[in-house]
Amino acid sequence: MGMLAIVVVLAPLVAGPAPSAVARPTFQGNGSVDEAWLTGATPGDALTLLRDGVKVGSGTADPLGSLIIGNLTPGHGYRWHDTTSGDESGAFSVLAPGANPRTDSRLYTDQPMSQGLNYIAMRDGVRLAATVRFPLGVTCTSTNPCPTVIEYSGYATAAPTDPIPFAFCPVLGQPYCSEEGDANLLPDSATDTGGVVARVAGFAVVSLQMRGTGCSGGAFDLFGDPSDYDAYDAIEIVAHQSWVANHKVGMVGISYSGLSQLPAAGTDPPGLAAIAPLSPTDDLFSTGYPGGMFNSGFAASWIDQRIADARPAARWSNGALAPLSSTPVTGVAQPWTYYEIDAELAASGGTSSTCLANQALHDQSEQLDSLVGPGQVAPLTGGSPAGPGRVASLYDVRSMRDWAQHVTVPVFISGALEDDQTGPQWPALLSAFPATTPVYANMVNGGHIDSADPQVMSRWLEFLDIYVAHKVPSNPGLIADVVLDEFVSQASGTKSQAPLPAFRFTKDATVAKARAGFAEHTPRVEVFFDNGASSAGAGDPGSTYSAGFANWPPEGKVTTYYFGPDASLKTAPPKTSSSASFTLDPSARPATDLPANGNPWSASPDWNWTTVPAADCLGFETAPFTRATTIVGPATVDLWVESPTPNTPVEDYQVTVTEVRPSAGQEEYITSGFLRSSNQVDLPDSTKLFTDPSYLGTDARPLSASTYTLVKIPVDPIAHTFRAGTELRIVISAPGGDRPSWEFDTVDHGQTAVVGIGGPVSSALVVNRVKGVPATSTLPVCGSLRGEPCRAFAAESNGPTG
C-alpha cells in the first residue's frame, strides 16, 4: 500500500482557547496511525465508523463520551456517525506508519515552546504535555541556543516542578533552595537522568509525557504505533525551536525512558542527533515472559501501575468533563494530574483546563492484559492448545530489538547483567543494530541502576557533548560534579562511590577531532568487571578492570561443557548414557532472593539467596580452573529431558550459573536462564551459543514420558572471570529464588524430571571463552560484587560433597 499524504490543519490544534471544563466537548473525530478516535459523544451512545459510507466498525461511547477503533486500513474517507444522536464528524484519514509530515510542515514549525509546561499537537490532533527545563542557571534563547535532549516516558515525566531544588538543595545550598515549587507537581525520580543530570551538564531537557498518561491526551498503548510516531513528531517540533542548538536533539533516559528511545529512533526523524538509553530491554515479551513463563512479580506489578496511571482523572457531569477529585484518588491516574487540573482551572477562573480536556480518551487505553498476563502463555495440556504466546501483531511493533534494526543515528547504550527489573537479556539489542550505525555499549554487573554508575556516566556525557551538543567535551563544573555524585549516591543507595572518571578529549581543538578520538578509543562493547570491588568500598559502584570488544558476542572460543554422571562439567562428553532425576518443586525455596522491602541497589543488600534442597535440583561443576578464565557472551544449556509424570507434557526450568570457591565453601551468583519446555522451536538467528525461541503457541511441543527431548535453554549473558582455584557451576531447578523481583507463574508442581547424560543424550552448557582480558589477580570478597549474592556451597543430590 502506498504512503498517504498527510494534510495537517494546524490552526484548530494550537490556536484558540483551551477546551472548557464546564461546556460539553465538541463531537469530533480524527485518524491516528492505524486507528481512529472520537470524543464529545454522550456516554452510552451507539457509534459507527464509516469509510466512504460503508460501516467498518462500531462501538459504544465510554463514560467520558469517547471511542477508539484500531487495526484499520490506512486511507481517506473515514467518518464517525452517532446513531443515537444523529451527530456526524467531518471526514478524516487514517494514517499509515511511516507516512510522516514534511519537515517544513506547520505541525513542526508553528508550535513555539517556552520554559515550563507546554501542550504540543501530534499529527492526529492529540496534544501531549511537554515540560521544557533549561540547563541549571541558564536561559536558552535564539541568540543563546542550548543543546537539547528529550526524555520520553509514561511516568510522571512532564510534571512541571523543577526537581533539582527538592532533591539537591542540601548539597547545592542557596540560591537553588529558594527556587522550590509545588511539591505536588514534582516529576517522577525515574526521570532524573534528564531532568537533573543532563541539565547540570549543560543541556536543556524536554520532559515528554506519553499519550494517555498524566496531562497528555490520547489513549495509552504501551509503545503502540501512535506513541512511537508521537516521538517522531515531538522530536521535529523541539528541533525547530529557536532556542535549540544545531536544530537537532538527542534522547536520554533510563528504563522506561530508555526503552522509548529505540522506537523513536527507529522512525528515523530528521531532527534526531543521537540516543543514549540506559537499562533498556530487548523486547517486552522477554521481560514479561522470561523463557515463556509469565513474570508474575516485577512485570505484573509494573503493568498494574501503568493501567492505574492511564485511568482518567475526570468524570462526566452535566454533559461535560469535570475533575474526578480535587485530590488524588488511589489507583486512578498520576497524582500530579489532579493538581495540574486544579492549577489550570484556578488560573482560568474555573473556565478551562487543557489537562482536564486531555483526559477524554484515557478510558480507551490498550487492554494491557492482552500484552502481559498469564493467559498469553497458557501451558500446553493433554487436551488443550497452548496460549498464543508471542503474537507478532502485538509484540513486533513493541520490540526494541526489531526497532533497533532501523536505527541509524549514533547510540550510547548501557545496562547491567543482573538487572532486577527490565532484565539482563538486553545485550540481544547489540547484534540487531546495523553494522554501519555507531554503537557504544557499556555493560556491567549489578542491578537496574548500575547502568548509570560513575564509570558509565562520564562516557555517557562525553557522548552527549560530542554527538548532540557538537562540542569538545568538558569536565563538569563544581556544582555539576556535586549533583552527579549525589545523583549516583541516591540512585544506588550507597553513601560513597568511585569518582566520576575524567573526561577524555577535552584538549582537542575541534569537535571533529574529539569525535574521531571517541570513535577510535571507545569500543563497540566495553565490559566493566567486578563492579563493587573497587577502592570506593565493598559493594559500592566501581569496577577493577574492563575489556573492549568489537562485536557482540565477542570473538572467542565457543566451549561446550558436558554434564557428567559424577556431576562434573567437562569439555569431552561421556561415552555412555546415563540419567539423573530431580523434583521440580517451586515451593522448595523463596520466590525471590531478597525480602519484599529490600534494596537490591545498596552496597550490601539483605540477600536471601537460598540453596535449592538437594532433591529438588541437579548440580554440575567444572574442576577448579588452573588459570584465570573469562567468559563473555550469551550461553545455552542443551538439556535432554523426559517427563515421566503422567499428564505432564510441559515443565518449567531454571538454570543458575555460579562461581564456586571450594577453599572457602562459598558460591557466588552470576546469572540465570529460563524456559518453558514447550518452546522447542527456535528462530533462524539462533546459534550454538545464542538460543532464540519463537515463543509461538502454534510452535508448542510436548515432552515425552518415554523418550528424551532436546530442550535448549537460553541463558542470560555472562561476563565473568573465573580465577585460578574457582569452579563454574550450574544448578537446574524449578524457576524462582534467583532474582530480587522476578517471580514466575510456573506449571511445576513437584513432578519429576529426568535429564539425559552422555552418549546420544549429552546434556551440556555452551559458553564463550575470551582471551586478552586484563583481570586483576585478587579474588573479590564473596558477596561484594553488585548484583551477585553469595551463599554457602551445598551439594545437590547428584553432586560431590564440595
# chains A, B, ... in the order shown; residues from 1 in each chain; ligands from 1
>>> select_by_dssp(residues="range 707-789 of chain A", states="strand (DSSP E)", output="PyMOL selection string")
chain A and resi 709-722+727-733+744-745+751-757+764-770
>>> residues_around(residues="range 690-707 of chain A", least_positions_apart="6", cutoff="9 Å", atoms="only C-alpha atoms", output="ChimeraX atom specification")
/A:291-292,376-382,385-392,553,633-636,641-646,648-651,677-684,713-715
>>> residues_around(residues="Leu208 in chain A", least_positions_apart="6", cutoff="7 Å", atoms="only C-alpha atoms", output="count of residues only")
9
>>> atom_distance(atom1="CA of Gly673 in chain A", atom2="CA of Val655 in chain A")
4.9 Å
>>> atom_distance(atom1="CA of Val205 in chain A", atom2="CA of Thr103 in chain A")
21.6 Å
>>> residues_around(residues="Asp585 in chain A", least_positions_apart="6", cutoff="8 Å", atoms="only C-alpha atoms", output="ChimeraX atom specification")
/A:616,733-734,748-751
>>> residues_around(residues="range 740-747 of chain A", least_positions_apart="4", cutoff="6 Å", atoms="only C-alpha atoms", output="PyMOL selection string")
chain A and resi 294-298+592-594
>>> select_by_dssp(residues="range 344-475 of chain A", states="helix (DSSP H, G or I)", output="PyMOL selection string")
chain A and resi 344-347+354-364+368-370+374-377+392-398+400-404+426-429+448-452+454-467
>>> closest_residue(among="A:Pro735, A:Pro269, A:Pro160, A:Gly65", to="Arg589 in chain A", atoms="only C-alpha atoms")
A:Pro735
>>> closest_residue(among="A:Arg661, A:Ala795, A:Leu779, A:Val766", to="Gly619 in chain A", atoms="only C-alpha atoms")
A:Ala795
>>> residues_around(residues="Tyr561 in chain A", least_positions_apart="3", cutoff="12 Å", atoms="only C-alpha atoms", output="ChimeraX atom specification")
/A:558,564,567-574,620-623,635-638,728-730,757-758,762-769
>>> write_last_selection(atoms="N, CA, C and O atoms", output="compact mmCIF listing (two decimals), in the first residue's frame")
# COMPACT_ATOMS: atom_id res chain seq x y z
N VAL A 558 33.96 -20.80 21.44
CA VAL A 558 32.70 -21.37 21.91
C VAL A 558 33.01 -22.75 22.48
O VAL A 558 33.51 -23.64 21.78
N GLY A 564 28.37 -34.63 33.38
CA GLY A 564 28.92 -35.95 33.66
C GLY A 564 28.11 -36.69 34.70
O GLY A 564 27.42 -36.08 35.52
N ALA A 567 28.42 -35.52 38.24
CA ALA A 567 28.07 -34.11 38.44
C ALA A 567 29.15 -33.16 37.95
O ALA A 567 29.19 -32.00 38.35
N SER A 568 30.00 -33.62 37.06
CA SER A 568 31.06 -32.77 36.53
C SER A 568 30.60 -32.02 35.29
O SER A 568 29.58 -32.35 34.66
N LEU A 569 31.36 -31.00 34.92
CA LEU A 569 31.25 -30.32 33.63
C LEU A 569 32.61 -30.46 32.96
O LEU A 569 33.60 -29.94 33.45
N LYS A 570 32.65 -31.18 31.83
CA LYS A 570 33.90 -31.41 31.14
C LYS A 570 33.72 -31.12 29.65
O LYS A 570 32.62 -31.19 29.12
N THR A 571 34.83 -30.83 28.99
CA THR A 571 34.77 -30.49 27.57
C THR A 571 34.66 -31.71 26.67
O THR A 571 34.48 -31.56 25.46
N ALA A 572 34.73 -32.89 27.21
CA ALA A 572 34.52 -34.12 26.43
C ALA A 572 33.26 -34.81 26.94
O ALA A 572 33.07 -34.94 28.16
N PRO A 573 32.39 -35.27 26.05
CA PRO A 573 31.14 -35.89 26.50
C PRO A 573 31.39 -37.29 27.03
O PRO A 573 32.30 -38.00 26.57
N PRO A 574 30.58 -37.71 28.01
CA PRO A 574 30.67 -39.11 28.46
C PRO A 574 30.34 -40.05 27.31
O PRO A 574 29.46 -39.77 26.49
N PHE A 620 26.01 -29.34 38.44
CA PHE A 620 27.16 -29.81 37.68
C PHE A 620 28.23 -28.73 37.75
O PHE A 620 27.91 -27.53 37.63
N GLU A 621 29.50 -29.13 37.93
CA GLU A 621 30.54 -28.11 38.04
C GLU A 621 31.85 -28.59 37.43
O GLU A 621 32.11 -29.80 37.32
N THR A 622 32.64 -27.61 37.01
CA THR A 622 33.96 -27.90 36.44
C THR A 622 34.93 -28.24 37.54
O THR A 622 34.67 -28.01 38.73
N ALA A 623 36.06 -28.77 37.16
CA ALA A 623 37.18 -28.85 38.09
C ALA A 623 37.69 -27.43 38.33
O ALA A 623 37.41 -26.52 37.54
N ALA A 635 24.75 -17.61 26.64
CA ALA A 635 25.05 -19.02 26.82
C ALA A 635 23.79 -19.84 26.59
O ALA A 635 22.67 -19.29 26.56
N THR A 636 23.94 -21.14 26.44
CA THR A 636 22.82 -22.04 26.22
C THR A 636 23.05 -23.32 26.98
O THR A 636 24.19 -23.81 27.07
N VAL A 637 22.00 -23.89 27.54
CA VAL A 637 22.05 -25.24 28.08
C VAL A 637 21.25 -26.15 27.16
O VAL A 637 20.06 -25.91 26.91
N ASP A 638 21.92 -27.14 26.60
CA ASP A 638 21.26 -28.18 25.80
C ASP A 638 20.82 -29.27 26.76
O ASP A 638 21.65 -30.06 27.25
N LEU A 728 33.26 -23.25 37.82
CA LEU A 728 31.99 -22.84 37.22
C LEU A 728 30.97 -23.93 37.54
O LEU A 728 31.23 -25.13 37.35
N ARG A 729 29.80 -23.50 37.99
CA ARG A 729 28.76 -24.46 38.36
C ARG A 729 27.43 -24.04 37.76
O ARG A 729 27.15 -22.84 37.61
N ILE A 730 26.60 -25.02 37.38
CA ILE A 730 25.21 -24.73 37.04
C ILE A 730 24.31 -25.59 37.90
O ILE A 730 24.65 -26.73 38.26
N ILE A 757 22.30 -37.84 30.24
CA ILE A 757 23.73 -37.54 30.39
C ILE A 757 24.52 -38.50 29.51
O ILE A 757 24.37 -39.73 29.59
N GLY A 758 25.36 -37.93 28.64
CA GLY A 758 26.28 -38.75 27.85
C GLY A 758 25.67 -39.42 26.65
O GLY A 758 24.44 -39.48 26.49
N SER A 762 23.61 -36.20 25.37
CA SER A 762 24.64 -35.48 26.13
C SER A 762 24.18 -34.05 26.42
O SER A 762 24.36 -33.14 25.61
N SER A 763 23.58 -33.87 27.57
CA SER A 763 23.22 -32.51 28.00
C SER A 763 24.49 -31.72 28.27
O SER A 763 25.52 -32.28 28.68
N ALA A 764 24.43 -30.39 28.03
CA ALA A 764 25.67 -29.60 28.11
C ALA A 764 25.37 -28.12 28.29
O ALA A 764 24.26 -27.64 27.99
N LEU A 765 26.38 -27.42 28.77
CA LEU A 765 26.39 -25.96 28.84
C LEU A 765 27.33 -25.44 27.76
O LEU A 765 28.47 -25.91 27.65
N VAL A 766 26.89 -24.45 26.99
CA VAL A 766 27.71 -23.86 25.94
C VAL A 766 27.98 -22.40 26.29
O VAL A 766 27.04 -21.62 26.52
N VAL A 767 29.28 -22.03 26.35
CA VAL A 767 29.67 -20.67 26.72
C VAL A 767 30.72 -20.15 25.74
O VAL A 767 31.22 -20.89 24.90
N ASN A 768 31.06 -18.88 25.89
CA ASN A 768 32.04 -18.23 25.02
C ASN A 768 33.24 -17.77 25.86
O ASN A 768 33.13 -16.82 26.64
N ARG A 769 34.38 -18.46 25.71
CA ARG A 769 35.59 -18.08 26.44
C ARG A 769 36.39 -17.09 25.60
O ARG A 769 36.61 -17.31 24.41
>>> closest_residue(among="A:Pro280, A:Gly556, A:Pro780, A:Pro595", to="Asp419 in chain A", atoms="only C-alpha atoms")
A:Pro280
>>> closest_atom_pairs(of="range 268-302 of chain A", to="range 253-257 of chain A", cutoff="7 Å", atoms="only C-alpha atoms", output="tab-separated table")
residue	atom	partner	partner_atom	distance
A:Pro277	CA	A:Gly253	CA	5.7
A:Leu278	CA	A:Ile254	CA	4.4
A:Ser279	CA	A:Ser255	CA	4.9
A:Pro280	CA	A:Ser255	CA	5.3
>>> write_last_selection(atoms="C-alpha atoms", output="CSV table (one decimal), in the first residue's frame")
chain,number,residue,atom,x,y,z
A,277,PRO,CA,19.4,4.7,26.5
A,278,LEU,CA,20.2,3.2,29.9
A,279,SER,CA,18.7,0.0,31.3
A,280,PRO,CA,16.5,-1.0,28.3
>>> residues_around(residues="Leu38 in chain A", least_positions_apart="5", cutoff="6 Å", atoms="only C-alpha atoms", output="list in words")
Gln28, Gly29, Ser66 and Leu67 of chain A
>>> write_last_selection(atoms="C-alpha atoms", output="PDB file, in the first residue's frame")
ATOM      1  CA  GLN A  28     -15.134  15.346  16.793  1.00  0.00           C
ATOM      2  CA  GLY A  29     -13.028  12.541  15.406  1.00  0.00           C
ATOM      3  CA  SER A  66     -15.132   8.652  23.656  1.00  0.00           C
ATOM      4  CA  LEU A  67     -14.213   5.678  21.500  1.00  0.00           C
TER       5      LEU A  67
END
>>> closest_residue(among="A:Thr213, A:Ala320, A:Leu500, A:Pro270", to="Ala308 in chain A", atoms="only C-alpha atoms")
A:Thr213
